[in-house]
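Accompanying notes for the structure given below.
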Amino acid sequence: MSKKLEKEFVKQLNENQNIVHKICRLYTNDQHAHNDLFQEVTVQLWRAYPKFRGDSKFSTWMYRVALNTAITLYRKSTRRVKTQDYDSVQFKIEDQQEDDEQMEQLTLLYGAVKQLNDIEKALVFLYLEDKNYREIAETMGITEVNARVKMNRIKTKLTKIINP
Amino acid sequence: MDQLDILKKNWQSQTSDTPHFSTEQLKGLLAHKSTGIVKWLFIIAMIEFFVFIILGVISHFYNQSSDIDVIGIMGKPFYYGTSILHYTVIIGFIYLFYRNYRNISVAQPTRSLMKNILKTRRTMKWYIWYNLIYIMVVGMIGMTLVIPNDPQIVALMNRPEMAGKETLMYFVFLGVSFVVFLLICIVMYLIYLLIYGILLKRLNRNYKELKRMEV
């Protein structure tokens, strides 16, 4: 593939790499697995890039490819020794104005989200990324009504995990 | 505000210890090969095609070099007819596989992607079934025709102590061949189940979860 295409792709990936990192953090529990998934997502994005026609935003297209890789294509490498480089429920925010109590609550919530199954995580992720139900439904290939119903169930499930 | 919306409010400002990759590092990542399941599906399918084609070719050469005139006994129309049919069907399967494989796009909605992967796998399932049945049927017909003409078996049957037991022995030989064929088929099927089972375990689980939403 041409150098121009590669340059263009890397530029867009660089600008949006945070999206991929957020997905990797949600679906893996250590630094090594995180990088492994990031690598696979990058390869899949790059392979699919020539077919990306720009009729949707790069980031929208990226959500799809990255989530599909995490949920469907990615195979956890089994030979890897598990390391706990990062706390699996770690959630940090930039501005430190939030008080400790709120921070604790956020960590708790994030931990609960990490306990959900692969599909539920994907829906929650898109919801947190401020996607509307139509976009969530389109990405997952389900109906809008089903996406809504499922989201409500997930919210109930999360409440139960936090307040058993 | 519900629980999730509290997280949503702070979601965009999250940071982490994860290193932000530089442009150079990202470029380096592009050179890597995929380790995803679609690639494995492709490799396994190629092995399956290859194994059964080679198996057919080996048995053909074996029949030609054998002391028994297998082709003569089976009759040329039957022998070559089944071979031509066999390879035509295999080519058909390769075409179906190719078509399904091309429909797999990582940028399609999750549900369609999963559906297409499972469809590709189903083609390979039918391919295995076809081959096992072909081996069973043609193998047994071949055995039925060849056993009465095998010099060693004929010599055995002509021994005085075998007098009157020819038909029984004939069925014993056929029965043994059947069991051997059946065992080969079962072992092959189990290997295949294991490989796909391991590969697609997670996909199957997630696909079920997606389908459950529809109810």
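Just remember, in the structure tokens the first chain shown is A, the second B, etc., residues are 1-based per chain, and ligands are 1-based in the order shown.
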Report as number ranges by chain all protein, DNA and RNA residues lying within 9 Å of His21 in chain A, evaluated on only C-alpha atoms, omitting residues in the same chain fewer than 2 positions from it. A: 17-19, 23-26, 34-35, 38; B: 18, 20
What would the file look like if the residues just selected were written as a PDB file, in the first residue's frame with N, CA and C atoms?
ATOM      1  N   GLN A  17      -6.323   7.497  18.718  1.00  0.00           N
ATOM      2  CA  GLN A  17      -5.863   6.283  19.405  1.00  0.00           C
ATOM      3  C   GLN A  17      -6.424   6.127  20.810  1.00  0.00           C
ATOM      4  N   ASN A  18      -6.869   7.237  21.376  1.00  0.00           N
ATOM      5  CA  ASN A  18      -7.450   7.154  22.708  1.00  0.00           C
ATOM      6  C   ASN A  18      -8.679   6.245  22.745  1.00  0.00           C
ATOM      7  N   ILE A  19      -9.438   6.275  21.640  1.00  0.00           N
ATOM      8  CA  ILE A  19     -10.623   5.404  21.553  1.00  0.00           C
ATOM      9  C   ILE A  19     -10.195   3.945  21.704  1.00  0.00           C
ATOM     10  N   ILE A  23     -11.021   1.087  24.723  1.00  0.00           N
ATOM     11  CA  ILE A  23     -11.584  -0.247  24.479  1.00  0.00           C
ATOM     12  C   ILE A  23     -10.659  -1.323  25.054  1.00  0.00           C
ATOM     13  N   CYS A  24      -9.376  -1.169  24.804  1.00  0.00           N
ATOM     14  CA  CYS A  24      -8.413  -2.159  25.313  1.00  0.00           C
ATOM     15  C   CYS A  24      -8.460  -2.239  26.833  1.00  0.00           C
ATOM     16  N   ARG A  25      -8.582  -1.090  27.473  1.00  0.00           N
ATOM     17  CA  ARG A  25      -8.615  -1.068  28.938  1.00  0.00           C
ATOM     18  C   ARG A  25      -9.845  -1.807  29.456  1.00  0.00           C
ATOM     19  N   LEU A  26     -10.941  -1.660  28.709  1.00  0.00           N
ATOM     20  CA  LEU A  26     -12.198  -2.277  29.128  1.00  0.00           C
ATOM     21  C   LEU A  26     -12.161  -3.804  28.959  1.00  0.00           C
ATOM     22  N   HIS A  34      -3.320  -5.649  26.941  1.00  0.00           N
ATOM     23  CA  HIS A  34      -3.751  -4.365  26.404  1.00  0.00           C
ATOM     24  C   HIS A  34      -3.009  -4.070  25.085  1.00  0.00           C
ATOM     25  N   ASN A  35      -1.685  -4.178  25.143  1.00  0.00           N
ATOM     26  CA  ASN A  35      -0.879  -3.909  23.949  1.00  0.00           C
ATOM     27  C   ASN A  35      -1.162  -4.907  22.829  1.00  0.00           C
ATOM     28  N   PHE A  38      -4.380  -3.915  21.279  1.00  0.00           N
ATOM     29  CA  PHE A  38      -4.149  -2.675  20.540  1.00  0.00           C
ATOM     30  C   PHE A  38      -3.497  -2.987  19.185  1.00  0.00           C
TER      31      PHE A  38
ATOM     32  N   THR B  18      -1.405   3.987  30.580  1.00  0.00           N
ATOM     33  CA  THR B  18      -1.091   3.371  29.300  1.00  0.00           C
ATOM     34  C   THR B  18      -0.323   4.354  28.424  1.00  0.00           C
ATOM     35  N   HIS B  20       0.911   6.454  25.411  1.00  0.00           N
ATOM     36  CA  HIS B  20       0.340   6.938  24.165  1.00  0.00           C
ATOM     37  C   HIS B  20       1.380   6.623  23.086  1.00  0.00           C
TER      38      HIS B  20
END
Distance-based interface of chain B with chain A, 8 Å, counting only C-alpha atoms, as a PyMOL selection string: chain B and resi 3-8+10-16+18+20-23+26-27+29-38+105-114+202-203+206+209-210+213-214
Export of the given selection (N, CA and C atoms) as a short mmCIF file (atom, residue, chain, number, x, y, z; two decimals), in the first residue's frame:
data_model
loop_
_atom_site.label_atom_id
_atom_site.label_comp_id
_atom_site.auth_asym_id
_atom_site.auth_seq_id
_atom_site.Cartn_x
_atom_site.Cartn_y
_atom_site.Cartn_z
N GLN B 3 -26.65 5.75 37.75
CA GLN B 3 -25.24 5.40 38.00
C GLN B 3 -24.34 5.62 36.79
N LEU B 4 -24.83 5.11 35.65
CA LEU B 4 -23.99 5.14 34.46
C LEU B 4 -23.71 6.57 33.98
N ASP B 5 -24.69 7.44 34.21
CA ASP B 5 -24.51 8.81 33.74
C ASP B 5 -23.45 9.56 34.54
N ILE B 6 -23.23 9.12 35.77
CA ILE B 6 -22.16 9.73 36.57
C ILE B 6 -20.82 9.39 35.92
N LEU B 7 -20.72 8.14 35.49
CA LEU B 7 -19.49 7.70 34.82
C LEU B 7 -19.33 8.41 33.48
N LYS B 8 -20.45 8.53 32.79
CA LYS B 8 -20.44 9.18 31.47
C LYS B 8 -19.92 10.62 31.56
N ASN B 10 -17.81 11.81 33.47
CA ASN B 10 -16.34 11.88 33.65
C ASN B 10 -15.56 11.06 32.63
N TRP B 11 -16.31 10.39 31.75
CA TRP B 11 -15.70 9.42 30.83
C TRP B 11 -14.64 10.02 29.92
N GLN B 12 -14.98 11.16 29.33
CA GLN B 12 -14.06 11.75 28.35
C GLN B 12 -12.79 12.29 28.96
N SER B 13 -12.83 12.56 30.25
CA SER B 13 -11.63 13.14 30.85
C SER B 13 -10.75 12.07 31.51
N GLN B 14 -11.04 10.81 31.22
CA GLN B 14 -10.23 9.77 31.85
C GLN B 14 -8.82 9.73 31.27
N THR B 15 -7.90 9.40 32.13
CA THR B 15 -6.51 9.24 31.70
C THR B 15 -6.04 7.88 32.20
N SER B 16 -4.86 7.51 31.80
CA SER B 16 -4.36 6.24 32.33
C SER B 16 -2.86 6.20 32.23
N THR B 18 -1.41 3.99 30.58
CA THR B 18 -1.09 3.37 29.30
C THR B 18 -0.32 4.35 28.42
N HIS B 20 0.91 6.45 25.41
CA HIS B 20 0.34 6.94 24.16
C HIS B 20 1.38 6.62 23.09
N PHE B 21 0.98 5.88 22.07
CA PHE B 21 1.97 5.48 21.07
C PHE B 21 2.35 6.65 20.17
N SER B 22 3.63 6.71 19.84
CA SER B 22 4.08 7.76 18.93
C SER B 22 3.75 7.36 17.50
N THR B 23 3.82 8.31 16.60
CA THR B 23 3.54 8.03 15.19
C THR B 23 4.44 6.92 14.67
N LEU B 26 3.29 3.59 15.97
CA LEU B 26 2.07 3.16 15.26
C LEU B 26 2.43 2.59 13.89
N LYS B 27 3.35 3.25 13.23
CA LYS B 27 3.79 2.78 11.91
C LYS B 27 4.36 1.37 12.02
N LEU B 29 3.57 -0.87 14.14
CA LEU B 29 2.50 -1.85 14.40
C LEU B 29 1.87 -2.35 13.10
N LEU B 30 1.87 -1.50 12.09
CA LEU B 30 1.21 -1.85 10.82
C LEU B 30 1.86 -3.06 10.15
N ALA B 31 3.14 -3.23 10.41
CA ALA B 31 3.87 -4.31 9.74
C ALA B 31 3.51 -5.68 10.29
N HIS B 32 2.89 -5.72 11.47
CA HIS B 32 2.57 -7.01 12.08
C HIS B 32 1.44 -7.72 11.35
N LYS B 33 1.41 -9.04 11.57
CA LYS B 33 0.35 -9.86 10.97
C LYS B 33 -0.77 -10.07 11.98
N SER B 34 -1.95 -10.29 11.44
CA SER B 34 -3.10 -10.53 12.31
C SER B 34 -2.97 -11.88 13.01
N THR B 35 -3.46 -11.94 14.24
CA THR B 35 -3.50 -13.23 14.94
C THR B 35 -4.96 -13.58 15.26
N GLY B 36 -5.87 -12.87 14.59
CA GLY B 36 -7.29 -13.03 14.88
C GLY B 36 -7.87 -14.34 14.34
N ILE B 37 -9.12 -14.62 14.74
CA ILE B 37 -9.71 -15.91 14.41
C ILE B 37 -9.99 -16.07 12.92
N VAL B 38 -10.24 -14.98 12.20
CA VAL B 38 -10.55 -15.12 10.77
C VAL B 38 -9.34 -15.68 10.02
N SER B 105 -16.29 -8.86 6.76
CA SER B 105 -15.65 -7.55 6.80
C SER B 105 -15.69 -7.05 8.23
N VAL B 106 -14.54 -6.63 8.69
CA VAL B 106 -14.44 -6.22 10.09
C VAL B 106 -15.20 -4.92 10.35
N ALA B 107 -15.57 -4.21 9.28
CA ALA B 107 -16.26 -2.94 9.46
C ALA B 107 -17.78 -3.08 9.43
N GLN B 108 -18.28 -4.32 9.32
CA GLN B 108 -19.74 -4.47 9.29
C GLN B 108 -20.27 -4.54 10.73
N PRO B 109 -21.61 -4.40 10.89
CA PRO B 109 -22.16 -4.48 12.24
C PRO B 109 -21.78 -5.82 12.91
N THR B 110 -21.57 -5.77 14.21
CA THR B 110 -21.08 -6.94 14.95
C THR B 110 -21.87 -8.21 14.64
N ARG B 111 -23.19 -8.07 14.62
CA ARG B 111 -24.01 -9.26 14.43
C ARG B 111 -23.79 -9.89 13.05
N SER B 112 -23.71 -9.06 12.01
CA SER B 112 -23.47 -9.59 10.66
C SER B 112 -22.10 -10.23 10.57
N LEU B 113 -21.13 -9.60 11.22
CA LEU B 113 -19.77 -10.14 11.19
C LEU B 113 -19.76 -11.55 11.79
N MET B 114 -20.40 -11.67 12.95
CA MET B 114 -20.44 -12.98 13.61
C MET B 114 -21.17 -14.00 12.74
N ARG B 202 -15.49 -18.26 22.15
CA ARG B 202 -15.89 -16.92 22.58
C ARG B 202 -16.92 -16.33 21.62
N LEU B 203 -16.70 -16.54 20.32
CA LEU B 203 -17.62 -16.01 19.32
C LEU B 203 -19.01 -16.60 19.50
N ASN B 206 -20.71 -15.01 22.51
CA ASN B 206 -21.14 -13.64 22.26
C ASN B 206 -22.30 -13.58 21.26
N GLU B 209 -25.42 -14.35 23.04
CA GLU B 209 -25.81 -13.19 23.86
C GLU B 209 -26.51 -12.14 22.99
N LEU B 210 -25.99 -11.90 21.81
CA LEU B 210 -26.61 -10.93 20.89
C LEU B 210 -27.99 -11.40 20.46
N MET B 213 -30.88 -10.94 22.88
CA MET B 213 -31.45 -9.59 22.95
C MET B 213 -32.69 -9.46 22.09
N GLU B 214 -32.77 -10.29 21.08
CA GLU B 214 -33.88 -10.16 20.13
C GLU B 214 -35.19 -10.65 20.71
#
Please identify the helix (DSSP H, G or I) residues within range 12-127 of chain A (assignment by DSSP from backbone atoms) and present them as a VMD selection string. chain A and resid 12 to 27 31 to 51 58 to 73 100 to 114 118 to 127
Find the spatial neighbours of Arg122 in chain B, counting only C-alpha atoms, within a cut-off of 12 Å - ignore same-chain residues fewer than 2 positions away - and output them as an NGL selection string. :B and (41 or 45 or 93 or 96-97 or 100-101 or 115-120 or 124-129 or 193 or 196 or 200)
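Note that the spacing between CA of Ile147 in chain B and CA of Leu174 in chain B amounts to 8.0 Å.
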